[in-house]
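*Asks:* For reference, the file coords26.tsv (TSV, C-alpha atoms) is included below:
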```tsv
chain	number	residue	atom	x	y	z
A	213	MET	CA	-9.62	16.35	9.64
A	214	ARG	CA	-6.32	14.54	10.11
A	215	ILE	CA	-3.38	13.88	7.80
A	216	GLY	CA	-1.28	10.71	7.74
A	217	HIS	CA	1.94	9.65	6.05
A	218	GLY	CA	3.09	6.11	5.32
A	219	TYR	CA	6.28	4.62	3.92
A	220	ASP	CA	7.24	1.07	3.09
A	221	VAL	CA	10.08	-0.71	1.31
A	222	HIS	CA	10.73	-4.33	0.38
A	223	ARG	CA	13.61	-6.11	-1.29
A	224	LEU	CA	13.16	-7.55	-4.80
A	225	VAL	CA	14.01	-11.26	-5.04
A	226	GLU	CA	13.67	-14.10	-7.52
A	227	GLY	CA	10.83	-16.57	-7.07
A	228	ARG	CA	8.21	-14.15	-5.73
A	229	ARG	CA	5.37	-12.45	-7.60
A	230	LEU	CA	5.31	-8.69	-7.84
A	231	VAL	CA	2.09	-7.24	-6.42
A	232	LEU	CA	1.53	-3.48	-6.27
A	233	GLY	CA	-1.79	-1.86	-5.50
A	234	GLY	CA	-3.38	-5.31	-5.56
A	235	VAL	CA	-2.26	-5.86	-9.17
A	236	ASP	CA	-0.04	-8.77	-10.24
A	237	ILE	CA	2.64	-7.18	-12.39
A	238	PRO	CA	4.78	-9.26	-14.75
A	239	HIS	CA	8.42	-8.95	-13.70
A	240	THR	CA	11.48	-11.15	-13.23
A	241	LYS	CA	11.45	-10.52	-9.47
A	242	GLY	CA	8.91	-9.99	-6.71
A	243	LEU	CA	8.91	-8.32	-3.32
A	244	LEU	CA	10.07	-10.27	-0.28
A	245	GLY	CA	7.89	-10.11	2.81
A	246	HIS	CA	5.71	-12.02	5.24
A	247	SER	CA	2.55	-11.07	3.33
A	248	ASP	CA	2.43	-10.44	-0.43
A	249	ALA	CA	4.77	-7.47	0.34
A	250	ASP	CA	2.64	-4.92	-1.55
A	251	VAL	CA	4.62	-1.80	-0.59
A	252	LEU	CA	1.98	0.54	-2.03
A	253	LEU	CA	-0.87	-0.86	0.04
A	254	HIS	CA	1.36	-1.10	3.11
A	255	ALA	CA	2.30	2.58	2.83
A	256	ILE	CA	-1.36	3.53	2.41
A	257	SER	CA	-2.37	1.39	5.38
A	258	ASP	CA	0.30	3.01	7.55
A	259	ALA	CA	-0.77	6.49	6.44
A	260	LEU	CA	-4.38	5.76	7.39
A	261	LEU	CA	-3.52	4.18	10.73
A	262	GLY	CA	-1.07	6.96	11.54
A	263	ALA	CA	-3.60	9.68	10.75
A	264	ALA	CA	-5.97	8.12	13.30
A	265	ALA	CA	-3.12	7.47	15.79
A	266	LEU	CA	-3.93	3.74	15.66
A	267	GLY	CA	-0.38	2.45	15.23
A	268	ASP	CA	0.81	0.79	12.06
A	269	ILE	CA	0.23	-2.36	10.03
A	270	GLY	CA	2.94	-4.21	11.98
A	271	LYS	CA	0.89	-3.68	15.12
A	272	LEU	CA	-2.42	-4.61	13.48
A	273	PHE	CA	-1.06	-7.52	11.40
A	274	PRO	CA	2.17	-8.77	13.09
A	275	ASP	CA	4.67	-10.53	10.84
A	276	ASN	CA	5.16	-13.24	13.47
A	277	ASP	CA	1.50	-14.25	13.13
A	278	PRO	CA	1.28	-17.21	10.72
A	279	SER	CA	-2.26	-16.23	9.71
A	280	TYR	CA	-0.78	-13.30	7.76
A	281	LYS	CA	1.79	-15.41	5.87
A	282	ASP	CA	1.42	-14.52	2.17
A	283	ALA	CA	-1.67	-12.44	3.05
A	284	ASP	CA	-3.38	-10.43	0.33
A	285	SER	CA	-2.60	-6.81	1.22
A	286	LEU	CA	-5.78	-5.62	-0.48
A	287	LYS	CA	-7.74	-7.63	2.10
A	288	LEU	CA	-5.57	-6.14	4.85
A	289	LEU	CA	-6.30	-2.63	3.53
A	290	LYS	CA	-10.03	-3.38	3.73
A	291	LYS	CA	-9.52	-4.44	7.36
A	292	VAL	CA	-7.68	-1.17	8.02
A	293	TYR	CA	-10.69	0.68	6.57
A	294	VAL	CA	-13.07	-1.21	8.89
A	295	HIS	CA	-10.75	-0.52	11.85
A	296	LEU	CA	-10.80	3.21	11.03
A	297	TYR	CA	-14.58	3.18	10.69
A	298	HIS	CA	-15.02	1.45	14.06
A	299	ASN	CA	-12.81	4.15	15.57
A	300	GLY	CA	-14.98	6.92	14.13
A	301	TYR	CA	-13.09	7.90	10.96
A	302	THR	CA	-13.70	7.92	7.24
A	303	VAL	CA	-11.20	8.36	4.43
A	304	VAL	CA	-11.29	11.55	2.34
A	305	ASN	CA	-8.47	10.91	-0.14
A	306	ILE	CA	-5.18	9.12	-0.83
A	307	ASP	CA	-2.08	10.31	-2.68
A	308	ALA	CA	0.69	7.73	-3.15
A	309	THR	CA	3.96	7.35	-5.02
A	310	VAL	CA	5.74	4.11	-5.89
A	311	ILE	CA	9.52	4.36	-6.36
A	312	ALA	CA	10.83	1.66	-8.71
A	313	GLN	CA	13.41	1.57	-11.48
A	314	ALA	CA	11.55	-1.28	-13.18
A	315	PRO	CA	9.10	-2.50	-14.33
A	316	LYS	CA	7.14	0.25	-16.02
A	317	LEU	CA	4.09	0.82	-13.79
A	318	SER	CA	2.01	3.36	-15.72
A	319	PRO	CA	-0.09	0.71	-17.56
A	320	HIS	CA	-1.13	-0.75	-14.19
A	321	ILE	CA	-1.95	2.46	-12.31
A	322	PRO	CA	-5.62	2.71	-13.35
A	323	GLN	CA	-6.32	-0.77	-11.90
A	324	MET	CA	-4.33	0.05	-8.75
A	325	ARG	CA	-6.46	3.16	-8.25
A	326	ARG	CA	-9.68	1.17	-8.75
A	327	ASN	CA	-8.54	-1.51	-6.27
A	328	ILE	CA	-7.64	1.05	-3.61
A	329	ALA	CA	-10.84	3.02	-4.15
A	330	MET	CA	-12.96	-0.12	-3.79
A	331	ALA	CA	-11.14	-1.23	-0.62
A	332	LEU	CA	-11.64	2.19	0.99
A	333	SER	CA	-15.17	2.92	-0.29
A	334	LEU	CA	-13.88	5.91	-2.25
A	335	ASP	CA	-14.51	7.20	-5.73
A	336	VAL	CA	-11.49	6.54	-7.95
A	337	SER	CA	-11.12	10.33	-8.35
A	338	GLU	CA	-10.18	10.43	-4.65
A	339	VAL	CA	-7.22	8.08	-5.13
A	340	SER	CA	-3.96	9.19	-6.75
A	341	VAL	CA	-1.16	6.75	-7.54
A	342	LYS	CA	2.04	7.87	-9.21
A	343	ALA	CA	5.26	6.08	-10.11
A	344	THR	CA	8.78	7.41	-10.40
A	345	THR	CA	12.32	6.13	-10.71
A	346	GLU	CA	15.37	7.29	-8.82
A	347	GLU	CA	17.41	7.63	-12.01
A	348	GLY	CA	19.56	4.64	-11.12
A	349	LEU	CA	20.37	5.87	-7.61
A	350	GLY	CA	19.91	4.04	-4.31
A	351	PHE	CA	18.35	0.63	-3.63
A	352	SER	CA	15.37	1.25	-5.89
A	353	GLY	CA	17.55	2.69	-8.62
A	354	ASP	CA	19.83	-0.33	-8.69
A	355	GLY	CA	16.81	-2.66	-8.79
A	356	SER	CA	17.28	-4.25	-5.38
A	357	GLY	CA	14.01	-2.94	-3.92
A	358	ILE	CA	10.81	-0.95	-4.35
A	359	ALA	CA	9.50	1.72	-2.00
A	360	ALA	CA	6.26	3.66	-1.65
A	361	HIS	CA	5.14	6.83	0.13
A	362	ALA	CA	1.51	7.65	0.83
A	363	VAL	CA	-0.37	10.53	2.38
A	364	CYS	CA	-4.02	10.56	3.31
A	365	LEU	CA	-6.70	12.77	4.71
A	366	ILE	CA	-9.27	11.30	7.09
A	367	GLU	CA	-12.11	12.91	9.00
A	368	LYS	CA	-14.27	12.13	12.01
A	369	LEU	CA	-17.62	10.58	11.18
```
Would you mind writing the file's structure down as structure tokens?

*Replies:*
Amino acid sequence: MRIGHGYDVHRLVEGRRLVLGGVDIPHTKGLLGHSDADVLLHAISDALLGAAALGDIGKLFPDNDPSYKDADSLKLLKKVYVHLYHNGYTVVNIDATVIAQAPKLSPHIPQMRRNIAMALSLDVSEVSVKATTEEGLGFSGDGSGIAAHAVCLIEKL
């Protein structure tokens, strides 16, 4: 068994949609990035790749590759899963935390968990997603960005 940790952060800007865990969330701003900038799925992808010592999502899906412009990060997570499988690993569980002052994420967490579970061929009980604020502190607290941390456990097939 191997453990991985992932972290991602993106700036909030006007004129972009906010996508977290593969869910479109109504908000006045969205995350800026080459893909859909889903920090939650990016952190999970990095945790999985790191656990298997297979690099990170920037290596697998470079931001200078136009084919990943505005890419759906849920589809990228599925590709990470296939990459892990081809390298002899399966996912045991995911635990992730989104750090955002706004919007309120709790109504969207069940769908995020279902999306992640489906992408990784897991039961939803093996996927934990939590949300927290930073009580007005830092870049997430002042509303200029959203971050996510994820840890995972993988095992050899």

*Asks:* Please list as a JSON list (two decimals) with C-alpha atoms, keeping the file's coordinate frame every residue within 8 Å of Gly234 (chain A), counting all atoms listed in the file and excluding residues in the same chain fewer than 2 positions away.

*Replies:*
```
[["chain", "number", "residue", "atom", "x", "y", "z"],
["A", 231, "VAL", "CA", 2.09, -7.24, -6.42],
["A", 232, "LEU", "CA", 1.53, -3.48, -6.27],
["A", 236, "ASP", "CA", -0.04, -8.77, -10.24],
["A", 250, "ASP", "CA", 2.64, -4.92, -1.55],
["A", 253, "LEU", "CA", -0.87, -0.86, 0.04],
["A", 284, "ASP", "CA", -3.38, -10.43, 0.33],
["A", 285, "SER", "CA", -2.60, -6.81, 1.22],
["A", 286, "LEU", "CA", -5.78, -5.62, -0.48],
["A", 324, "MET", "CA", -4.33, 0.05, -8.75],
["A", 327, "ASN", "CA", -8.54, -1.51, -6.27],
["A", 328, "ILE", "CA", -7.64, 1.05, -3.61]]
```

*Asks:* Would you mind telling me which residue in A:Ala264, A:Met213, A:Leu224, A:Val336 lies nearest to Gly355 (chain A) when using only C-alpha atoms?

*Replies:*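 Among the listed residues, the smallest separation from Gly355 (chain A) belongs to A:Leu224.
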
*Asks:* Contacts of Leu349 (chain A) at 12 Å or less, counting all atoms listed in the file, minus same-chain residues fewer than 4 places along, as a list in words?

*Replies:* Ile311, Ala312, Gln313, Thr345, Gly353, Asp354, Gly355, Ser356 and Gly357 of chain A

*Asks:* CA of Leu266 (chain A) and CA of His295 (chain A) are how many Å apart?

*Replies:*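 It comes out at 8.9 Å.
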
*Asks:* Nearest to Lys368 (chain A): which of A:Gly216, A:Pro315, A:Gly227, A:Gly300 is it, counting all atoms listed in the file?

*Replies:*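 With all atoms listed in the file as the atom set, the closest residue is A:Gly300.
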
*Asks:* What's the 10 Å shell around region 254-258 of chain A, counting only C-alpha atoms, without same-chain residues fewer than 6 positions away, as a ChimeraX atom specification?

*Replies:* /A:216-221,232-233,264-270,285-286,288-293,306-310,328,359-364

*Asks:* What is the CA of Ile215 (chain A)-CA of Ala263 (chain A) distance in Å, reported with one decimal?

*Replies:* 5.1 Å

*Asks:* Could you name the residues that touch Glu338 (chain A) at 8 Å or less, counting all atoms listed in the file, but leaving out those on the same chain fewer than 4 positions away, as an mmCIF file with C-alpha atoms, keeping the file's coordinate frame?

*Replies:*
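Output saved as out-v4.cif:
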```
data_model
loop_
_atom_site.group_PDB
_atom_site.id
_atom_site.type_symbol
_atom_site.label_atom_id
_atom_site.label_comp_id
_atom_site.auth_asym_id
_atom_site.auth_seq_id
_atom_site.Cartn_x
_atom_site.Cartn_y
_atom_site.Cartn_z
ATOM 1 C CA VAL A 304 -11.290 11.550 2.340
ATOM 2 C CA ASN A 305 -8.470 10.910 -0.140
ATOM 3 C CA ILE A 306 -5.180 9.120 -0.830
ATOM 4 C CA ALA A 329 -10.840 3.020 -4.150
ATOM 5 C CA LEU A 334 -13.880 5.910 -2.250
#
```

*Asks:* Using only C-alpha atoms, find the one residue out of A:Ala331, A:Ala283, A:Leu260, A:Leu230 that sits nearest to Ser247 (chain A).

*Replies:* A:Ala283

*Asks:* Using Å and a single decimal, report how far CA of Thr344 (chain A) sits from CA of Val225 (chain A).

*Replies:*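 CA of Thr344 (chain A) lies at a distance of 20.1 Å from CA of Val225 (chain A).
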
*Asks:* Please rebuild region 349-360 of chain A with all heavy atoms and return the result as a PDB file, keeping the file's coordinate frame.

*Replies:*
```
ATOM      1  N   LEU A 349      19.740   5.638  -8.912  1.00  0.00           N
ATOM      2  CA  LEU A 349      20.370   5.870  -7.610  1.00  0.00           C
ATOM      3  C   LEU A 349      19.694   5.050  -6.512  1.00  0.00           C
ATOM      4  O   LEU A 349      18.496   4.780  -6.567  1.00  0.00           O
ATOM      5  CB  LEU A 349      20.278   7.356  -7.243  1.00  0.00           C
ATOM      6  CG  LEU A 349      20.954   8.317  -8.210  1.00  0.00           C
ATOM      7  CD1 LEU A 349      20.623   9.759  -7.841  1.00  0.00           C
ATOM      8  CD2 LEU A 349      22.455   8.097  -8.214  1.00  0.00           C
ATOM      9  N   GLY A 350      20.459   4.697  -5.493  1.00  0.00           N
ATOM     10  CA  GLY A 350      19.910   4.040  -4.310  1.00  0.00           C
ATOM     11  C   GLY A 350      19.421   2.632  -4.570  1.00  0.00           C
ATOM     12  O   GLY A 350      19.594   2.074  -5.660  1.00  0.00           O
ATOM     13  N   PHE A 351      18.789   2.024  -3.541  1.00  0.00           N
ATOM     14  CA  PHE A 351      18.350   0.630  -3.630  1.00  0.00           C
ATOM     15  C   PHE A 351      17.260   0.430  -4.669  1.00  0.00           C
ATOM     16  O   PHE A 351      17.205  -0.604  -5.308  1.00  0.00           O
ATOM     17  CB  PHE A 351      17.897   0.100  -2.262  1.00  0.00           C
ATOM     18  CG  PHE A 351      16.657   0.771  -1.738  1.00  0.00           C
ATOM     19  CD1 PHE A 351      15.406   0.337  -2.096  1.00  0.00           C
ATOM     20  CD2 PHE A 351      16.764   1.856  -0.877  1.00  0.00           C
ATOM     21  CE1 PHE A 351      14.266   0.961  -1.617  1.00  0.00           C
ATOM     22  CE2 PHE A 351      15.639   2.481  -0.391  1.00  0.00           C
ATOM     23  CZ  PHE A 351      14.381   2.047  -0.763  1.00  0.00           C
ATOM     24  N   SER A 352      16.383   1.425  -4.856  1.00  0.00           N
ATOM     25  CA  SER A 352      15.370   1.250  -5.890  1.00  0.00           C
ATOM     26  C   SER A 352      15.976   1.486  -7.268  1.00  0.00           C
ATOM     27  O   SER A 352      15.618   0.818  -8.234  1.00  0.00           O
ATOM     28  CB  SER A 352      14.168   2.166  -5.654  1.00  0.00           C
ATOM     29  OG  SER A 352      14.526   3.518  -5.830  1.00  0.00           O
ATOM     30  N   GLY A 353      16.901   2.400  -7.350  1.00  0.00           N
ATOM     31  CA  GLY A 353      17.550   2.690  -8.620  1.00  0.00           C
ATOM     32  C   GLY A 353      18.401   1.556  -9.138  1.00  0.00           C
ATOM     33  O   GLY A 353      18.507   1.350 -10.350  1.00  0.00           O
ATOM     34  N   ASP A 354      19.014   0.795  -8.233  1.00  0.00           N
ATOM     35  CA  ASP A 354      19.830  -0.330  -8.690  1.00  0.00           C
ATOM     36  C   ASP A 354      19.020  -1.610  -8.826  1.00  0.00           C
ATOM     37  O   ASP A 354      19.559  -2.672  -9.131  1.00  0.00           O
ATOM     38  CB  ASP A 354      21.063  -0.529  -7.800  1.00  0.00           C
ATOM     39  CG  ASP A 354      20.761  -1.097  -6.422  1.00  0.00           C
ATOM     40  OD1 ASP A 354      19.638  -1.566  -6.168  1.00  0.00           O
ATOM     41  OD2 ASP A 354      21.678  -1.069  -5.574  1.00  0.00           O
ATOM     42  N   GLY A 355      17.697  -1.522  -8.587  1.00  0.00           N
ATOM     43  CA  GLY A 355      16.810  -2.660  -8.790  1.00  0.00           C
ATOM     44  C   GLY A 355      16.786  -3.659  -7.654  1.00  0.00           C
ATOM     45  O   GLY A 355      16.251  -4.751  -7.808  1.00  0.00           O
ATOM     46  N   SER A 356      17.307  -3.291  -6.479  1.00  0.00           N
ATOM     47  CA  SER A 356      17.280  -4.250  -5.380  1.00  0.00           C
ATOM     48  C   SER A 356      16.036  -4.128  -4.505  1.00  0.00           C
ATOM     49  O   SER A 356      15.788  -4.991  -3.671  1.00  0.00           O
ATOM     50  CB  SER A 356      18.553  -4.146  -4.525  1.00  0.00           C
ATOM     51  OG  SER A 356      18.723  -2.858  -4.015  1.00  0.00           O
ATOM     52  N   GLY A 357      15.225  -3.083  -4.701  1.00  0.00           N
ATOM     53  CA  GLY A 357      14.010  -2.940  -3.920  1.00  0.00           C
ATOM     54  C   GLY A 357      13.043  -1.953  -4.532  1.00  0.00           C
ATOM     55  O   GLY A 357      13.369  -1.263  -5.511  1.00  0.00           O
ATOM     56  N   ILE A 358      11.866  -1.904  -3.962  1.00  0.00           N
ATOM     57  CA  ILE A 358      10.810  -0.950  -4.350  1.00  0.00           C
ATOM     58  C   ILE A 358      10.287  -0.318  -3.078  1.00  0.00           C
ATOM     59  O   ILE A 358      10.120  -0.992  -2.052  1.00  0.00           O
ATOM     60  CB  ILE A 358       9.679  -1.644  -5.132  1.00  0.00           C
ATOM     61  CG1 ILE A 358      10.198  -2.168  -6.482  1.00  0.00           C
ATOM     62  CG2 ILE A 358       8.500  -0.699  -5.351  1.00  0.00           C
ATOM     63  CD1 ILE A 358       9.156  -2.904  -7.309  1.00  0.00           C
ATOM     64  N   ALA A 359      10.029   0.976  -3.143  1.00  0.00           N
ATOM     65  CA  ALA A 359       9.500   1.720  -2.000  1.00  0.00           C
ATOM     66  C   ALA A 359       8.210   2.435  -2.401  1.00  0.00           C
ATOM     67  O   ALA A 359       7.921   2.605  -3.585  1.00  0.00           O
ATOM     68  CB  ALA A 359      10.527   2.735  -1.504  1.00  0.00           C
ATOM     69  N   ALA A 360       7.471   2.862  -1.401  1.00  0.00           N
ATOM     70  CA  ALA A 360       6.260   3.660  -1.650  1.00  0.00           C
ATOM     71  C   ALA A 360       6.047   4.629  -0.496  1.00  0.00           C
ATOM     72  O   ALA A 360       6.320   4.295   0.666  1.00  0.00           O
ATOM     73  CB  ALA A 360       5.041   2.763  -1.811  1.00  0.00           C
TER      74      ALA A 360
END
```
